[in-house]
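Participant: Pasting my_file.cif below, which is mmCIF, C-alpha atoms and all ligand atoms.
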data_start
loop_
_atom_site.label_atom_id
_atom_site.label_comp_id
_atom_site.auth_asym_id
_atom_site.auth_seq_id
_atom_site.Cartn_x
_atom_site.Cartn_y
_atom_site.Cartn_z
CA MET V 14 40.19 21.40 16.65
CA LEU V 15 40.49 21.16 20.40
CA ASP V 16 42.19 17.90 21.38
CA LYS V 17 39.80 15.22 22.64
CA ILE V 18 41.67 14.94 25.94
CA ILE V 19 41.53 18.70 26.53
CA SER V 20 37.92 18.89 25.37
CA GLU V 21 36.94 16.23 27.94
CA ASP V 22 38.84 18.15 30.62
CA VAL V 23 37.02 21.38 29.71
CA ASP V 24 33.65 19.55 29.80
CA SER V 25 34.39 18.19 33.26
CA ILE V 26 35.42 21.63 34.53
CA VAL V 27 32.23 23.25 33.19
CA VAL V 28 30.11 20.56 34.87
CA ARG V 29 31.89 21.08 38.18
CA ILE V 30 31.51 24.88 38.00
CA GLY V 31 27.77 24.34 37.61
CA LYS V 32 25.13 27.03 37.50
CA ILE V 33 27.30 29.86 38.87
CA GLY V 34 29.19 29.76 35.57
CA GLU V 35 26.11 30.93 33.67
CA VAL V 36 26.69 34.52 34.78
CA LEU V 37 29.74 34.67 32.49
CA GLU V 38 27.72 34.42 29.29
CA THR V 39 27.19 38.18 29.19
CA CYS V 40 30.59 39.11 30.60
CA LYS V 41 33.78 40.54 29.14
CA ILE V 42 36.89 39.06 30.66
CA LEU V 43 40.58 39.96 30.46
CA VAL V 44 42.94 37.00 30.79
CA THR V 45 46.68 37.70 30.94
CA GLY V 46 48.96 34.76 30.22
CA GLY V 47 46.07 33.21 28.29
CA ALA V 48 48.33 31.46 25.76
CA GLY V 49 50.10 29.52 28.50
CA PHE V 50 49.41 26.11 30.03
CA LEU V 51 46.82 27.12 32.65
CA GLY V 52 45.70 30.36 30.92
CA SER V 53 44.69 28.56 27.72
CA TYR V 54 42.54 26.13 29.70
CA VAL V 55 40.89 29.14 31.36
CA CYS V 56 40.25 30.69 27.92
CA ASP V 57 38.70 27.40 26.73
CA VAL V 58 36.43 27.19 29.77
CA LEU V 59 35.36 30.85 29.45
CA ASN V 60 34.71 30.34 25.74
CA ARG V 61 32.60 27.23 26.49
CA LEU V 62 30.60 29.32 28.99
CA GLY V 63 29.90 31.96 26.32
CA ALA V 64 32.05 34.78 27.74
CA SER V 65 33.84 37.41 25.64
CA VAL V 66 37.55 37.02 26.24
CA VAL V 67 40.46 39.36 25.66
CA CYS V 68 43.67 37.37 26.00
CA VAL V 69 46.91 39.30 26.56
CA ASP V 70 50.15 37.36 26.27
CA ASP V 71 53.67 38.19 25.11
CA LEU V 72 54.22 34.57 24.02
CA SER V 73 57.46 34.44 26.01
CA SER V 74 56.59 30.92 27.22
CA GLY V 75 53.04 30.52 25.92
CA LYS V 76 52.27 29.28 22.43
CA LEU V 77 49.76 30.31 19.78
CA ASP V 78 49.13 26.58 19.27
CA ASN V 79 47.32 26.60 22.62
CA ILE V 80 44.73 29.14 21.46
CA ASP V 81 44.76 28.65 17.68
CA HIS V 82 41.28 27.13 17.74
CA LEU V 83 39.88 30.25 19.47
CA LEU V 84 41.33 32.88 17.13
CA GLU V 85 38.46 32.74 14.62
CA ASN V 86 35.86 33.05 17.37
CA GLU V 87 34.16 36.46 17.42
CA LYS V 88 34.07 36.43 21.22
CA PHE V 89 37.83 35.94 21.49
CA VAL V 90 40.50 38.60 20.95
CA PHE V 91 44.22 37.97 21.24
CA ILE V 92 46.63 40.85 21.95
CA ARG V 93 50.34 40.18 21.92
CA ALA V 94 51.68 42.45 24.65
CA ASP V 95 53.80 42.52 27.78
CA VAL V 96 51.63 43.11 30.87
CA SER V 97 54.22 45.48 32.29
CA ASN V 98 53.52 47.83 29.35
CA PHE V 99 49.83 47.08 28.91
CA GLU V 100 47.14 49.58 29.81
CA SER V 101 43.54 49.73 28.64
CA ASP V 102 40.46 51.92 29.01
CA GLU V 103 38.18 49.06 27.95
CA LYS V 104 35.65 47.96 30.55
CA PHE V 105 35.79 44.40 31.85
CA ASN V 106 33.65 42.42 34.28
CA TYR V 107 36.52 40.17 35.37
CA VAL V 108 40.32 40.28 35.13
CA LEU V 109 42.43 37.15 35.58
CA HIS V 110 46.10 38.08 35.95
CA MET V 111 48.01 34.91 35.14
CA ALA V 112 50.94 36.23 33.07
CA SER V 113 54.33 35.46 34.56
CA PRO V 114 57.32 33.28 33.87
CA ALA V 115 56.39 30.22 35.93
CA VAL V 116 59.16 27.62 35.71
CA PRO V 117 62.31 27.87 37.88
CA GLU V 118 64.82 27.62 35.00
CA GLU V 119 62.82 30.19 33.03
CA TYR V 120 62.40 32.78 35.78
CA LYS V 121 65.99 32.34 36.92
CA SER V 122 67.09 33.19 33.35
CA ARG V 123 64.78 36.27 33.19
CA PRO V 124 64.62 37.56 36.77
CA VAL V 125 63.94 41.21 35.89
CA ASP V 126 61.08 40.31 33.51
CA THR V 127 59.66 38.07 36.22
CA MET V 128 59.67 40.85 38.80
CA LYS V 129 58.18 43.33 36.32
CA ALA V 130 55.27 41.00 35.39
CA ASN V 131 54.54 40.60 39.09
CA SER V 132 54.91 44.26 40.08
CA VAL V 133 54.21 46.75 37.25
CA GLY V 134 52.17 44.07 35.47
CA THR V 135 50.03 43.46 38.55
CA LEU V 136 49.68 47.22 39.12
CA ASN V 137 48.47 47.67 35.52
CA MET V 138 45.89 44.89 35.91
CA LEU V 139 44.70 46.26 39.25
CA GLU V 140 44.19 49.68 37.62
CA ILE V 141 42.20 48.13 34.77
CA ALA V 142 40.05 46.26 37.32
CA ARG V 143 39.59 49.39 39.47
CA LYS V 144 38.54 51.57 36.52
CA SER V 145 36.15 48.86 35.27
CA ASP V 146 34.81 48.01 38.73
CA ALA V 147 35.76 44.45 37.78
CA LYS V 148 36.54 41.46 39.97
CA ILE V 149 40.19 40.43 39.73
CA LEU V 150 41.81 37.06 40.35
CA PHE V 151 45.57 36.64 40.70
CA THR V 152 47.44 33.37 40.27
CA SER V 153 49.98 33.28 43.07
CA THR V 154 52.00 30.25 44.01
CA SER V 155 52.97 27.81 46.75
CA GLU V 156 56.44 29.35 46.35
CA VAL V 157 55.35 32.28 48.53
CA TYR V 158 55.76 29.80 51.41
CA GLY V 159 59.42 29.12 50.44
CA ASP V 160 60.90 26.16 52.28
CA ALA V 161 57.82 25.83 54.52
CA LYS V 162 58.21 24.85 58.16
CA ILE V 163 54.52 23.99 58.55
CA LEU V 164 53.23 21.06 56.49
CA PRO V 165 50.63 20.65 55.09
CA THR V 166 50.88 24.43 54.65
CA PRO V 167 47.81 26.57 55.40
CA GLU V 168 47.19 30.06 53.98
CA THR V 169 47.92 31.56 57.42
CA TYR V 170 51.61 30.54 57.18
CA TRP V 171 53.81 33.60 56.44
CA GLY V 172 56.55 31.78 54.59
CA ASN V 173 60.24 31.02 54.82
CA VAL V 174 61.69 32.74 51.77
CA ASN V 175 65.24 33.80 50.89
CA PRO V 176 64.67 37.38 49.66
CA ILE V 177 67.97 37.54 47.74
CA GLY V 178 68.23 33.94 46.50
CA LEU V 179 67.99 32.77 42.89
CA ARG V 180 64.27 32.07 43.23
CA SER V 181 63.48 35.40 44.89
CA CYS V 182 62.51 37.11 41.61
CA TYR V 183 59.54 34.75 41.50
CA ASP V 184 58.57 34.16 45.12
CA GLU V 185 59.17 37.75 46.24
CA GLY V 186 57.52 38.99 43.02
CA LYS V 187 54.41 36.98 43.84
CA ARG V 188 54.53 38.13 47.47
CA PHE V 189 54.72 41.76 46.32
CA SER V 190 51.72 41.18 44.02
CA GLU V 191 49.75 39.72 46.92
CA ALA V 192 50.62 42.71 49.13
CA LEU V 193 49.67 45.15 46.34
CA ILE V 194 46.34 43.40 45.85
CA MET V 195 45.63 43.59 49.58
CA ALA V 196 46.46 47.33 49.43
CA TYR V 197 43.92 47.81 46.60
CA ILE V 198 41.30 45.92 48.60
CA ARG V 199 41.95 48.10 51.68
CA GLN V 200 42.31 51.47 49.93
CA TYR V 201 39.80 51.13 47.08
CA GLY V 202 37.50 48.31 48.20
CA LEU V 203 38.44 46.31 45.08
CA ASP V 204 36.91 42.83 44.77
CA ALA V 205 40.05 40.68 44.46
CA ARG V 206 40.84 37.01 45.00
CA ILE V 207 44.18 35.20 45.15
CA VAL V 208 44.85 31.53 44.45
CA ARG V 209 48.11 29.98 45.58
CA ILE V 210 48.65 27.17 43.10
CA PHE V 211 50.67 24.07 44.02
CA ASN V 212 52.35 22.19 41.09
CA SER V 213 49.72 21.66 38.45
CA PHE V 214 50.29 19.30 35.53
CA GLY V 215 48.57 18.11 32.38
CA PRO V 216 48.34 18.54 28.61
CA ARG V 217 49.84 21.72 27.11
CA MET V 218 52.70 21.83 29.61
CA ARG V 219 55.93 22.50 27.80
CA ALA V 220 58.76 20.02 28.12
CA ASP V 221 61.46 21.86 26.18
CA GLY V 222 64.46 23.89 27.34
CA VAL V 223 64.03 26.19 30.31
CA TYR V 224 60.22 25.79 30.08
CA GLY V 225 60.20 22.11 31.05
CA ARG V 226 58.61 21.23 34.39
CA VAL V 227 59.32 18.10 36.32
CA VAL V 228 56.27 16.13 35.09
CA SER V 229 56.53 17.13 31.42
CA ARG V 230 60.32 16.76 31.45
CA PHE V 231 60.13 13.23 32.90
CA ILE V 232 57.44 12.21 30.39
CA ASP V 233 59.38 13.65 27.47
CA GLN V 234 62.62 12.03 28.59
CA ALA V 235 60.92 8.67 29.20
CA LEU V 236 59.10 8.66 25.85
CA SER V 237 62.26 9.49 23.92
CA GLY V 238 64.47 7.03 25.84
CA ARG V 239 66.74 9.76 27.22
CA PRO V 240 67.89 9.63 30.88
CA ILE V 241 65.29 10.82 33.39
CA THR V 242 67.04 13.57 35.36
CA VAL V 243 66.31 13.79 39.07
CA TYR V 244 67.80 16.72 41.01
CA GLY V 245 69.40 15.88 44.38
CA THR V 246 68.50 12.54 45.95
CA GLY V 247 64.93 12.75 44.70
CA ARG V 248 63.65 12.57 48.29
CA GLN V 249 62.25 16.14 48.06
CA THR V 250 58.48 16.10 47.68
CA ARG V 251 55.87 17.92 45.62
CA SER V 252 52.09 17.57 45.44
CA PHE V 253 50.83 17.25 41.88
CA CYS V 254 47.38 18.47 40.94
CA TYR V 255 45.86 17.56 37.57
CA VAL V 256 45.01 20.60 35.46
CA SER V 257 41.22 20.08 35.42
CA ASP V 258 41.21 20.13 39.23
CA THR V 259 43.39 23.28 39.28
CA ILE V 260 41.22 25.14 36.76
CA THR V 261 38.03 24.18 38.58
CA GLY V 262 39.54 25.64 41.76
CA ILE V 263 40.52 28.85 39.94
CA MET V 264 37.07 29.27 38.39
CA LEU V 265 35.23 28.61 41.66
CA THR V 266 37.44 31.18 43.38
CA LEU V 267 36.63 33.70 40.65
CA LEU V 268 32.89 33.10 40.84
CA SER V 269 32.08 32.31 44.45
CA ASP V 270 30.92 35.22 46.64
CA ARG V 271 32.60 33.52 49.59
CA ALA V 272 36.04 33.92 47.95
CA LYS V 273 35.89 37.72 47.87
CA GLY V 274 39.06 39.17 49.42
CA GLU V 275 40.41 35.68 50.18
CA VAL V 276 43.68 33.88 49.55
CA ILE V 277 43.09 30.20 48.80
CA ASN V 278 45.46 27.24 48.33
CA ILE V 279 44.64 25.20 45.23
CA GLY V 280 46.57 21.94 45.09
CA ASN V 281 46.48 18.23 45.73
CA PRO V 282 47.44 17.22 49.29
CA ARG V 283 48.91 13.87 48.17
CA GLU V 284 52.67 14.19 48.62
CA THR V 285 55.01 12.38 46.22
CA THR V 286 58.80 12.28 46.17
CA ILE V 287 60.47 13.27 42.92
CA LEU V 288 62.09 9.82 42.76
CA GLN V 289 58.68 8.13 43.13
CA LEU V 290 57.39 10.33 40.31
CA ALA V 291 60.36 9.41 38.09
CA LYS V 292 59.76 5.69 38.69
CA LEU V 293 56.03 6.04 38.10
CA VAL V 294 56.53 7.86 34.78
CA LYS V 295 59.14 5.30 33.70
CA ARG V 296 56.73 2.44 34.50
CA MET V 297 53.67 4.06 32.92
CA THR V 298 55.53 4.81 29.67
CA ASN V 299 57.22 1.36 29.56
CA SER V 300 60.46 3.26 29.13
CA ASN V 301 64.02 1.91 29.13
CA SER V 302 65.36 5.31 30.24
CA LYS V 303 67.86 5.33 33.11
CA ILE V 304 67.14 7.51 36.14
CA VAL V 305 70.16 9.77 36.70
CA PHE V 306 70.87 12.22 39.54
CA LYS V 307 72.00 15.84 39.17
CA LYS V 308 72.96 18.60 41.62
CA LEU V 309 70.05 20.07 43.59
CA PRO V 310 69.42 23.76 42.69
CA GLN V 311 69.81 26.49 45.33
CA ASP V 312 66.86 27.02 47.72
CA ASP V 313 64.89 24.09 46.32
CA PRO V 314 62.07 23.51 48.85
CA ARG V 315 62.36 20.11 50.57
CA ARG V 316 58.66 19.42 50.93
CA ARG V 317 55.57 21.02 49.48
CA VAL V 318 52.07 19.99 50.54
CA PRO V 319 48.97 22.19 50.65
CA ASN V 320 46.44 22.34 53.42
CA ILE V 321 43.22 22.70 51.41
CA ARG V 322 40.68 23.02 54.24
CA LYS V 323 39.89 26.60 53.24
CA ALA V 324 39.12 25.66 49.62
CA ARG V 325 36.90 22.82 50.84
CA ARG V 326 35.06 25.12 53.26
CA LEU V 327 34.61 28.19 51.03
CA LEU V 328 34.32 26.61 47.60
CA GLY V 329 33.35 22.99 48.27
CA TRP V 330 36.41 22.19 46.13
CA ARG V 331 38.84 19.32 46.37
CA PRO V 332 40.92 17.56 43.72
CA LEU V 333 39.20 14.53 42.18
CA ILE V 334 41.84 13.21 39.75
CA LYS V 335 44.38 10.72 41.12
CA LEU V 336 48.04 11.27 40.17
CA GLU V 337 48.12 8.03 38.14
CA ASP V 338 44.95 9.00 36.21
CA GLY V 339 46.24 12.50 35.49
CA LEU V 340 49.59 11.08 34.37
CA LYS V 341 47.82 8.61 32.09
CA ARG V 342 45.99 11.46 30.34
CA THR V 343 49.12 13.61 30.16
CA ILE V 344 51.28 10.79 28.77
CA GLU V 345 48.60 10.05 26.18
CA TRP V 346 48.55 13.70 25.13
CA PHE V 347 52.35 13.84 24.89
CA LYS V 348 52.38 10.68 22.79
CA LEU V 349 49.81 12.20 20.40
CA ARG V 350 51.74 15.47 20.22
CA LYS V 351 55.20 13.98 19.79
CA GLY V 352 56.67 15.14 16.51
CA VAL V 353 54.31 18.11 16.26
CA SER V 354 56.29 21.33 15.99
CA THR V 355 56.21 23.93 18.76
CA ARG V 356 55.95 27.56 17.81
N1 LIG V 401 51.49 25.55 36.64
C1 LIG V 401 51.74 25.59 37.92
O1 LIG V 401 51.97 24.55 38.54
C2 LIG V 401 51.72 26.88 38.68
C3 LIG V 401 52.01 26.85 40.05
C4 LIG V 401 51.99 28.03 40.77
C5 LIG V 401 51.62 29.23 40.15
N2 LIG V 401 51.35 29.23 38.82
C6 LIG V 401 51.02 30.52 38.20
O2 LIG V 401 49.98 30.37 37.25
C7 LIG V 401 50.19 31.27 36.16
C8 LIG V 401 50.17 30.50 34.86
O3 LIG V 401 51.23 29.58 34.86
P1 LIG V 401 51.41 28.44 33.77
O4 LIG V 401 51.77 27.21 34.49
O5 LIG V 401 50.26 28.42 32.86
O6 LIG V 401 52.72 28.97 33.03
P2 LIG V 401 52.97 29.30 31.47
O7 LIG V 401 54.39 29.70 31.35
O8 LIG V 401 52.48 28.18 30.63
O9 LIG V 401 52.02 30.54 31.25
C9 LIG V 401 52.38 31.86 31.55
C10 LIG V 401 51.97 32.71 30.39
O10 LIG V 401 52.27 34.08 30.67
C11 LIG V 401 52.87 34.65 29.53
N3 LIG V 401 53.71 35.76 30.00
C12 LIG V 401 54.81 35.69 30.78
N4 LIG V 401 55.26 36.93 31.05
C13 LIG V 401 54.42 37.79 30.42
C14 LIG V 401 54.35 39.20 30.33
N5 LIG V 401 55.25 39.99 30.93
N6 LIG V 401 53.35 39.76 29.62
C15 LIG V 401 52.43 38.98 28.99
N7 LIG V 401 52.45 37.63 29.04
C16 LIG V 401 53.43 37.05 29.75
C17 LIG V 401 53.65 33.53 28.86
O11 LIG V 401 53.91 33.76 27.49
C18 LIG V 401 52.70 32.36 29.09
O12 LIG V 401 51.77 32.24 28.04
C19 LIG V 401 51.49 32.00 36.43
O13 LIG V 401 51.19 33.24 37.02
C20 LIG V 401 52.19 31.10 37.43
O14 LIG V 401 53.05 31.85 38.26
C21 LIG V 401 51.39 28.10 38.07
#
What does this structure look like when you write it as structure tokens?

Facilitator:
Amino acid sequence: MLDKIISEDVDSIVVRIGKIGEVLETCKILVTGGAGFLGSYVCDVLNRLGASVVCVDDLSSGKLDNIDHLLENEKFVFIRADVSNFESDEKFNYVLHMASPAVPEEYKSRPVDTMKANSVGTLNMLEIARKSDAKILFTSTSEVYGDAKILPTPETYWGNVNPIGLRSCYDEGKRFSEALIMAYIRQYGLDARIVRIFNSFGPRMRADGVYGRVVSRFIDQALSGRPITVYGTGRQTRSFCYVSDTITGIMLTLLSDRAKGEVINIGNPRETTILQLAKLVKRMTNSNSKIVFKKLPQDDPRRRVPNIRKARRLLGWRPLIKLEDGLKRTIEWFKLRKGVSTR
């Protein structure tokens, strides 16, 4: 059974997509990374819209729990595979390439896998899309901007990235994918779209080990009374976008004619310091946890804020969920899930 919180999120996304989503009912769609946090929401939305979905995931950070409820569905197929070895002669109408390690601690521990998913993996997905004459969407990241000098950052900014730093496997991997996609557009006339996602959060985010992200880690620490760990002084900022807003932006980019060939920032322009977030989570969970400070990792961007004018103009999209409201839903979900095993 799909959780009530997630089910409500999926409903709201489907309503916001509106009539243009109806086209998917007769479509076959390949989703890589579909067992992950964002990918599983995409699979749920596509399933709700009546599409046939093939989900490819190696379960390196994703979980079968996220898609369990879809496995019996005749319009849903799960293939456990690594995108850097995955090829297919099946025909698809759309390809969403979302598979990649996505959390700093995770990609720093598997830098080669990260680069392969975003190079050979992207090449494989582009070939599937080209042979199928399918539209392809790629989930890139705000990290392509590195430690941005222009804030809020527009899509026209070229980035300030350390090409040999610890994060380079991810940010340069994503930059290579973007360049490869542009090459396919120019050489083969492929219909491709790129979203640059800025810190999304919500239910199904992992909180454990190297997979924990700042929001899920803080919630988990606060709910279990462990210290809330802030890196550096906590004055660095991020902009947190609730998952239903992120997925709506992804789906509108996939479906809107105006997004063809475009790169679009999807994020929430409200900037929050990490210390503010820690205090907010502590207050909202009524936690007694102490806030403790740890060493700031190498090349950690100081500020991250999207300029979302392009998404507003092309897609009519903007985030609707306030940070506090998204946190309330996420905390509720974590409370319900606490004690449930992860596999
Ligand atoms: N969540 C965010 O805030 C955010 C921000 C920027 C970009 N993104 C991008 O969005 C996409 C989804 O991220 P997410 O937050 O859902 O992360 P996630 O880790 O929950 O999901 C990624 C999924 O990809 C799978 N995967 C990883 N490498 C693979 C491979 N080689 N072959 C097959 N499957 C593989 C994992 O098992 C997982 O299910 C990623 O491409 C990520 O870079 C996410």

Participant: Report, as lines of an AutoDock Vina configuration file, the axis-aligned box around all atoms of ligand LIG 401 (chain V) present in the file, extended by 4 Å on each side; give centre and edge lengths in Å to one decimal place.

Facilitator:
center_x = 52.6
center_y = 32.3
center_z = 34.1
size_x = 13.3
size_y = 23.4
size_z = 21.3

Participant: Looking at only C-alpha atoms and all ligand atoms, which of V:Ala324, V:Leu43, V:Ile232, V:Ile241 is the one that sits closest to ligand LIG 401 (chain V)?

Facilitator: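 So, comparing all the options, the nearest one is V:Leu43.
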
Participant: Could you list, as JSON, numbers by chain, all the residues within 6 Å of ligand LIG 401 (chain V), counting all atoms listed in the file?

Facilitator: {"V": [46, 47, 48, 49, 50, 51, 52, 70, 71, 72, 73, 74, 75, 94, 95, 96, 97, 111, 112, 113, 114, 115, 130, 152, 153, 154, 210, 211, 212, 213]}

Participant: When distances are computed from all atoms listed in the file, which of V:Gln234, V:Ser145, V:Ser122, V:Thr135 shows the smallest separation from Glu103 (chain V)?

Facilitator: V:Ser145

Participant: Find, counting only C-alpha atoms, the residue in V:Ile207, V:Leu62, V:Leu193, V:Ile18 that gets nearest to Leu267 (chain V).

Facilitator: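 Distance minimum relative to Leu267 (chain V) lands on V:Ile207.
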
Participant: Could you give me, as a ChimeraX atom specification, the residues within 10 Å of Ser20 (chain V), counting only C-alpha atoms and dropping anything in the same chain fewer than 3 positions from it?

Facilitator: /V:14-17,23-26,54,57-58,61

Participant: I need the residue nearest Ser155 (chain V) from this list: V:Ser252, V:Asn60, V:Thr286, V:Thr266. Use all atoms listed in the file for the distance.

Facilitator: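 Comparing V:Ser252, V:Asn60, V:Thr286, V:Thr266 against Ser155 (chain V), the winner is V:Ser252.
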
Participant: List the residues sitting within 12 Å of (55.4, 30.8, 54.9) in the file's frame, using all atoms listed in the file, as number ranges by chain.

Facilitator: V: 154-175, 184-185, 188, 209, 314, 317, 319

Participant: What does the distance from CA of Asn278 (chain V) to CA of Glu337 (chain V) come to in Å, to one decimal?

Facilitator: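 A separation of 21.9 Å between them.
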
Participant: At what distance in Å, to one decimal, does CA of Ile80 (chain V) lie from CA of Ile334 (chain V)?

Facilitator: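 So the two atoms, CA of Ile334 (chain V) and CA of Ile80 (chain V), lie 24.4 Å apart.
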
Participant: Would you mind listing what lies within 8 Å of Phe347 (chain V) as number ranges by chain, with all atoms listed in the file counted and same-chain residues fewer than 2 positions away left out?

Facilitator: V: 216, 232-233, 343-345, 349-351

Participant: I'd like the neighbourhood of Leu340 (chain V) as a list of chain:residue names, where a residue qualifies if any of its atoms comes within 12 Å (using all atoms listed in the file), though same-chain residues fewer than 5 positions away should be ignored.

Facilitator: V:Ser213, V:Phe214, V:Gly215, V:Pro216, V:Val228, V:Ser229, V:Phe231, V:Ile232, V:Phe253, V:Cys254, V:Tyr255, V:Val256, V:Leu290, V:Ala291, V:Leu293, V:Val294, V:Lys295, V:Arg296, V:Met297, V:Thr298, V:Ile334, V:Lys335, V:Glu345, V:Trp346, V:Phe347, V:Lys348

Participant: Here is a test: counting only C-alpha atoms, which residue of V:Asn281, V:Gln200, V:Asn320, V:Asn98 is nearest to Gly262 (chain V)?

Facilitator: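 Between V:Asn281, V:Gln200, V:Asn320, V:Asn98, the residue approaching Gly262 (chain V) most closely is V:Asn281.
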
Participant: I'd like to know which of V:Ala147, V:Met128, V:Met218, V:Ile33 is closest to Gly186 (chain V), using all atoms listed in the file.

Facilitator: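 With all atoms listed in the file as the atom set, the closest residue is V:Met128.
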
Participant: Figure out the distance between CA of Thr259 (chain V) and CA of Cys56 (chain V), please, to one decimal in Å.

Facilitator: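 Between CA of Cys56 (chain V) and CA of Thr259 (chain V) the gap works out to 13.9 Å.
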
Participant: Using all atoms listed in the file, collect all residues at a distance of at most 12 Å from (39.0, 52.9, 26.3) as written in the file, then present them as number ranges by chain.

Facilitator: V: 100-105, 141, 144-145

Participant: Write a file of the just-selected residues containing C-alpha atoms, as a PDB file, in the coordinates of the input.

Facilitator:
ATOM      1  CA  GLU V 100      47.140  49.580  29.810  1.00  0.00           C
ATOM      2  CA  SER V 101      43.540  49.730  28.640  1.00  0.00           C
ATOM      3  CA  ASP V 102      40.460  51.920  29.010  1.00  0.00           C
ATOM      4  CA  GLU V 103      38.180  49.060  27.950  1.00  0.00           C
ATOM      5  CA  LYS V 104      35.650  47.960  30.550  1.00  0.00           C
ATOM      6  CA  PHE V 105      35.790  44.400  31.850  1.00  0.00           C
ATOM      7  CA  ILE V 141      42.200  48.130  34.770  1.00  0.00           C
ATOM      8  CA  LYS V 144      38.540  51.570  36.520  1.00  0.00           C
ATOM      9  CA  SER V 145      36.150  48.860  35.270  1.00  0.00           C
TER      10      SER V 145
END

Participant: Which residues are near Cys182 (chain V)? Cut-off 9 Å, only C-alpha atoms, ignore same chain within fewer than 5 positions. Put them as a ChimeraX atom specification.

Facilitator: /V:120-121,123-128,176-177,187

Participant: Because the input lacks atoms here, generate N, CA, C and O atoms for region 129-142 of chain V and report them as a short mmCIF file (atom, residue, chain, number, x, y, z; two decimals), in the coordinates of the input.

Facilitator:
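Printed below is selection.cif as written:
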data_model
loop_
_atom_site.label_atom_id
_atom_site.label_comp_id
_atom_site.auth_asym_id
_atom_site.auth_seq_id
_atom_site.Cartn_x
_atom_site.Cartn_y
_atom_site.Cartn_z
N LYS V 129 59.03 42.30 36.94
CA LYS V 129 58.18 43.33 36.32
C LYS V 129 56.75 42.81 36.11
O LYS V 129 55.78 43.53 36.36
N ALA V 130 56.63 41.57 35.63
CA ALA V 130 55.27 41.00 35.39
C ALA V 130 54.49 40.96 36.69
O ALA V 130 53.26 41.14 36.71
N ASN V 131 55.21 40.75 37.81
CA ASN V 131 54.54 40.60 39.09
C ASN V 131 54.53 41.88 39.94
O ASN V 131 54.15 41.85 41.11
N SER V 132 54.98 42.98 39.36
CA SER V 132 54.91 44.26 40.08
C SER V 132 54.16 45.26 39.20
O SER V 132 52.96 45.48 39.36
N VAL V 133 54.87 45.80 38.17
CA VAL V 133 54.21 46.75 37.25
C VAL V 133 53.03 46.07 36.55
O VAL V 133 51.97 46.66 36.38
N GLY V 134 53.24 44.81 36.15
CA GLY V 134 52.17 44.07 35.47
C GLY V 134 50.94 43.95 36.37
O GLY V 134 49.80 44.20 35.94
N THR V 135 51.15 43.59 37.60
CA THR V 135 50.03 43.46 38.55
C THR V 135 49.38 44.82 38.79
O THR V 135 48.15 44.94 38.82
N LEU V 136 50.22 45.86 38.93
CA LEU V 136 49.68 47.22 39.12
C LEU V 136 48.78 47.61 37.93
O LEU V 136 47.67 48.12 38.12
N ASN V 137 49.26 47.35 36.71
CA ASN V 137 48.47 47.67 35.52
C ASN V 137 47.13 46.93 35.53
O ASN V 137 46.09 47.50 35.18
N MET V 138 47.14 45.67 35.91
CA MET V 138 45.89 44.89 35.91
C MET V 138 44.95 45.36 37.02
O MET V 138 43.73 45.40 36.85
N LEU V 139 45.54 45.74 38.15
CA LEU V 139 44.70 46.26 39.25
C LEU V 139 44.03 47.57 38.83
O LEU V 139 42.86 47.82 39.14
N GLU V 140 44.76 48.41 38.09
CA GLU V 140 44.19 49.68 37.62
C GLU V 140 43.05 49.43 36.62
O GLU V 140 42.01 50.09 36.67
N ILE V 141 43.27 48.46 35.73
CA ILE V 141 42.20 48.13 34.77
C ILE V 141 40.96 47.64 35.54
O ILE V 141 39.84 48.05 35.27
N ALA V 142 41.19 46.79 36.53
CA ALA V 142 40.05 46.26 37.32
C ALA V 142 39.37 47.39 38.09
O ALA V 142 38.14 47.48 38.15
#
